[in-house]
Amino acid sequence: MEKSVIALVVTASLWLSSGCADDEPAARCPESRQKQSQEWCDQMLEKPNTEWVEEDYQSFSCDCI
């Protein structure tokens with residue numbers, strides 16, 4: 001479990017930092033999207049990372065970190 005959380009945090013951090021180039025828009029979390037709940041975040045921490053899709057990573061990094 002601990003290794004999964006570490007891998008998730010590293011992946012999310014890399015994903016977030018990839019959008020910091022000067023030529024890219026800074027908004028990675030559009031205001032128009034649905035915000036995930038704390039319950040969803042907790043469920044995603046239990047879900048194996050191999051079952052996550054790109055949208056899960058994006059939502060988790062926007063709403064749970």
# chains A, B, ... in the order shown; residues from 1 in each chain; ligands from 1
call {"tool": "residues_around", "arguments": {"residues": "Ser37 in chain A", "least_positions_apart": "2", "cutoff": "12 Å", "atoms": "only C-alpha atoms", "output": "JSON, numbers by chain"}}
result
{"A": [34, 35, 39, 40, 41, 42, 43, 44, 59, 60, 62, 63, 64]}
call {"tool": "write_last_selection", "arguments": {"atoms": "C-alpha atoms", "output": "mmCIF file, in the first residue's frame"}}
result
data_model
loop_
_atom_site.group_PDB
_atom_site.id
_atom_site.type_symbol
_atom_site.label_atom_id
_atom_site.label_comp_id
_atom_site.auth_asym_id
_atom_site.auth_seq_id
_atom_site.Cartn_x
_atom_site.Cartn_y
_atom_site.Cartn_z
ATOM 1 C CA GLN A 34 -16.666 18.320 -12.032
ATOM 2 C CA LYS A 35 -14.657 18.386 -8.786
ATOM 3 C CA GLU A 39 -14.652 9.976 -0.703
ATOM 4 C CA TRP A 40 -13.593 9.526 -4.358
ATOM 5 C CA CYS A 41 -10.008 10.456 -3.410
ATOM 6 C CA ASP A 42 -10.023 7.878 -0.614
ATOM 7 C CA GLN A 43 -11.378 5.208 -2.970
ATOM 8 C CA MET A 44 -8.685 5.998 -5.525
ATOM 9 C CA SER A 59 -8.661 14.292 -11.404
ATOM 10 C CA PHE A 60 -6.607 12.981 -8.503
ATOM 11 C CA CYS A 62 -6.383 18.370 -9.271
ATOM 12 C CA ASP A 63 -8.658 17.421 -6.386
ATOM 13 C CA CYS A 64 -6.789 15.188 -3.952
#
call {"tool": "atom_distance", "arguments": {"atom1": "CA of Pro48 in chain A", "atom2": "CA of Ser32 in chain A"}}
result
27.8 Å
call {"tool": "atom_distance", "arguments": {"atom1": "CA of Thr50 in chain A", "atom2": "CA of Gln36 in chain A"}}
result
20.0 Å
call {"tool": "atom_distance", "arguments": {"atom1": "CA of Glu31 in chain A", "atom2": "CA of Glu54 in chain A"}}
result
18.2 Å
call {"tool": "decode", "arguments": {"residues": "range 35-48 of chain A", "atoms": "all heavy atoms", "output": "short mmCIF file (atom, residue, chain, number, x, y, z; two decimals), in the first residue's frame"}}
result
data_model
loop_
_atom_site.label_atom_id
_atom_site.label_comp_id
_atom_site.auth_asym_id
_atom_site.auth_seq_id
_atom_site.Cartn_x
_atom_site.Cartn_y
_atom_site.Cartn_z
N LYS A 35 -15.63 18.63 -9.85
CA LYS A 35 -14.66 18.39 -8.79
C LYS A 35 -15.00 17.07 -8.09
O LYS A 35 -16.15 16.79 -7.79
CB LYS A 35 -14.69 19.53 -7.78
CG LYS A 35 -13.67 19.42 -6.68
CD LYS A 35 -13.62 20.69 -5.88
CE LYS A 35 -12.74 20.65 -4.66
NZ LYS A 35 -11.70 19.70 -4.56
N GLN A 36 -13.96 16.25 -7.83
CA GLN A 36 -14.15 14.96 -7.17
C GLN A 36 -14.23 15.16 -5.65
O GLN A 36 -13.63 16.08 -5.10
CB GLN A 36 -13.01 14.02 -7.50
CG GLN A 36 -12.88 13.72 -8.97
CD GLN A 36 -14.08 13.00 -9.54
OE1 GLN A 36 -14.85 12.36 -8.83
NE2 GLN A 36 -14.26 13.08 -10.84
N SER A 37 -14.96 14.28 -4.98
CA SER A 37 -15.15 14.36 -3.53
C SER A 37 -13.98 13.73 -2.79
O SER A 37 -13.19 12.98 -3.37
CB SER A 37 -16.44 13.63 -3.15
OG SER A 37 -16.28 12.24 -3.38
N GLN A 38 -13.92 13.99 -1.50
CA GLN A 38 -12.90 13.37 -0.66
C GLN A 38 -13.11 11.85 -0.63
O GLN A 38 -12.14 11.10 -0.61
CB GLN A 38 -12.95 13.94 0.76
CG GLN A 38 -11.89 13.36 1.69
CD GLN A 38 -10.48 13.64 1.22
OE1 GLN A 38 -10.17 14.77 0.84
NE2 GLN A 38 -9.63 12.63 1.24
N GLU A 39 -14.35 11.41 -0.67
CA GLU A 39 -14.65 9.98 -0.70
C GLU A 39 -14.05 9.34 -1.96
O GLU A 39 -13.48 8.25 -1.91
CB GLU A 39 -16.16 9.76 -0.67
CG GLU A 39 -16.56 8.29 -0.66
CD GLU A 39 -18.06 8.10 -0.61
OE1 GLU A 39 -18.75 8.92 0.02
OE2 GLU A 39 -18.53 7.11 -1.20
N TRP A 40 -14.17 10.03 -3.10
CA TRP A 40 -13.59 9.53 -4.36
C TRP A 40 -12.08 9.43 -4.21
O TRP A 40 -11.48 8.44 -4.62
CB TRP A 40 -13.98 10.44 -5.52
CG TRP A 40 -13.44 9.99 -6.84
CD1 TRP A 40 -14.01 9.11 -7.70
CD2 TRP A 40 -12.19 10.37 -7.44
NE1 TRP A 40 -13.21 8.93 -8.81
CE2 TRP A 40 -12.09 9.70 -8.66
CE3 TRP A 40 -11.17 11.23 -7.06
CZ2 TRP A 40 -11.00 9.86 -9.50
CZ3 TRP A 40 -10.08 11.38 -7.90
CH2 TRP A 40 -10.00 10.70 -9.11
N CYS A 41 -11.46 10.46 -3.62
CA CYS A 41 -10.01 10.46 -3.41
C CYS A 41 -9.59 9.26 -2.56
O CYS A 41 -8.61 8.58 -2.88
CB CYS A 41 -9.56 11.75 -2.74
SG CYS A 41 -9.79 13.23 -3.75
N ASP A 42 -10.33 9.00 -1.49
CA ASP A 42 -10.02 7.88 -0.61
C ASP A 42 -10.16 6.55 -1.35
O ASP A 42 -9.34 5.64 -1.18
CB ASP A 42 -10.93 7.89 0.62
CG ASP A 42 -10.68 9.08 1.53
OD1 ASP A 42 -9.60 9.71 1.44
OD2 ASP A 42 -11.58 9.41 2.33
N GLN A 43 -11.18 6.43 -2.19
CA GLN A 43 -11.38 5.21 -2.97
C GLN A 43 -10.24 5.01 -3.97
O GLN A 43 -9.78 3.89 -4.19
CB GLN A 43 -12.71 5.26 -3.71
CG GLN A 43 -13.91 5.13 -2.82
CD GLN A 43 -15.23 5.34 -3.57
OE1 GLN A 43 -15.24 5.70 -4.74
NE2 GLN A 43 -16.33 5.12 -2.87
N MET A 44 -9.77 6.10 -4.55
CA MET A 44 -8.69 6.00 -5.52
C MET A 44 -7.37 5.58 -4.86
O MET A 44 -6.56 4.90 -5.48
CB MET A 44 -8.50 7.32 -6.27
CG MET A 44 -9.66 7.67 -7.19
SD MET A 44 -10.08 6.35 -8.36
CE MET A 44 -8.67 6.43 -9.46
N LEU A 45 -7.18 5.95 -3.59
CA LEU A 45 -5.98 5.52 -2.87
C LEU A 45 -5.97 4.01 -2.67
O LEU A 45 -4.91 3.40 -2.57
CB LEU A 45 -5.89 6.23 -1.52
CG LEU A 45 -5.48 7.69 -1.57
CD1 LEU A 45 -5.58 8.32 -0.19
CD2 LEU A 45 -4.06 7.83 -2.12
N GLU A 46 -7.15 3.40 -2.62
CA GLU A 46 -7.26 1.95 -2.45
C GLU A 46 -7.20 1.21 -3.79
O GLU A 46 -6.85 0.03 -3.83
CB GLU A 46 -8.57 1.60 -1.73
CG GLU A 46 -8.66 2.18 -0.33
CD GLU A 46 -7.58 1.66 0.60
OE1 GLU A 46 -7.23 0.47 0.52
OE2 GLU A 46 -7.07 2.46 1.41
N LYS A 47 -7.53 1.88 -4.87
CA LYS A 47 -7.57 1.25 -6.20
C LYS A 47 -6.14 1.08 -6.72
O LYS A 47 -5.34 2.01 -6.66
CB LYS A 47 -8.36 2.16 -7.15
CG LYS A 47 -8.58 1.60 -8.52
CD LYS A 47 -9.47 2.55 -9.32
CE LYS A 47 -9.77 2.03 -10.70
NZ LYS A 47 -10.64 2.94 -11.45
N PRO A 48 -5.79 -0.10 -7.23
CA PRO A 48 -4.44 -0.32 -7.77
C PRO A 48 -4.13 0.67 -8.90
O PRO A 48 -4.99 0.95 -9.75
CB PRO A 48 -4.48 -1.75 -8.30
CG PRO A 48 -5.62 -2.40 -7.59
CD PRO A 48 -6.62 -1.30 -7.32
#
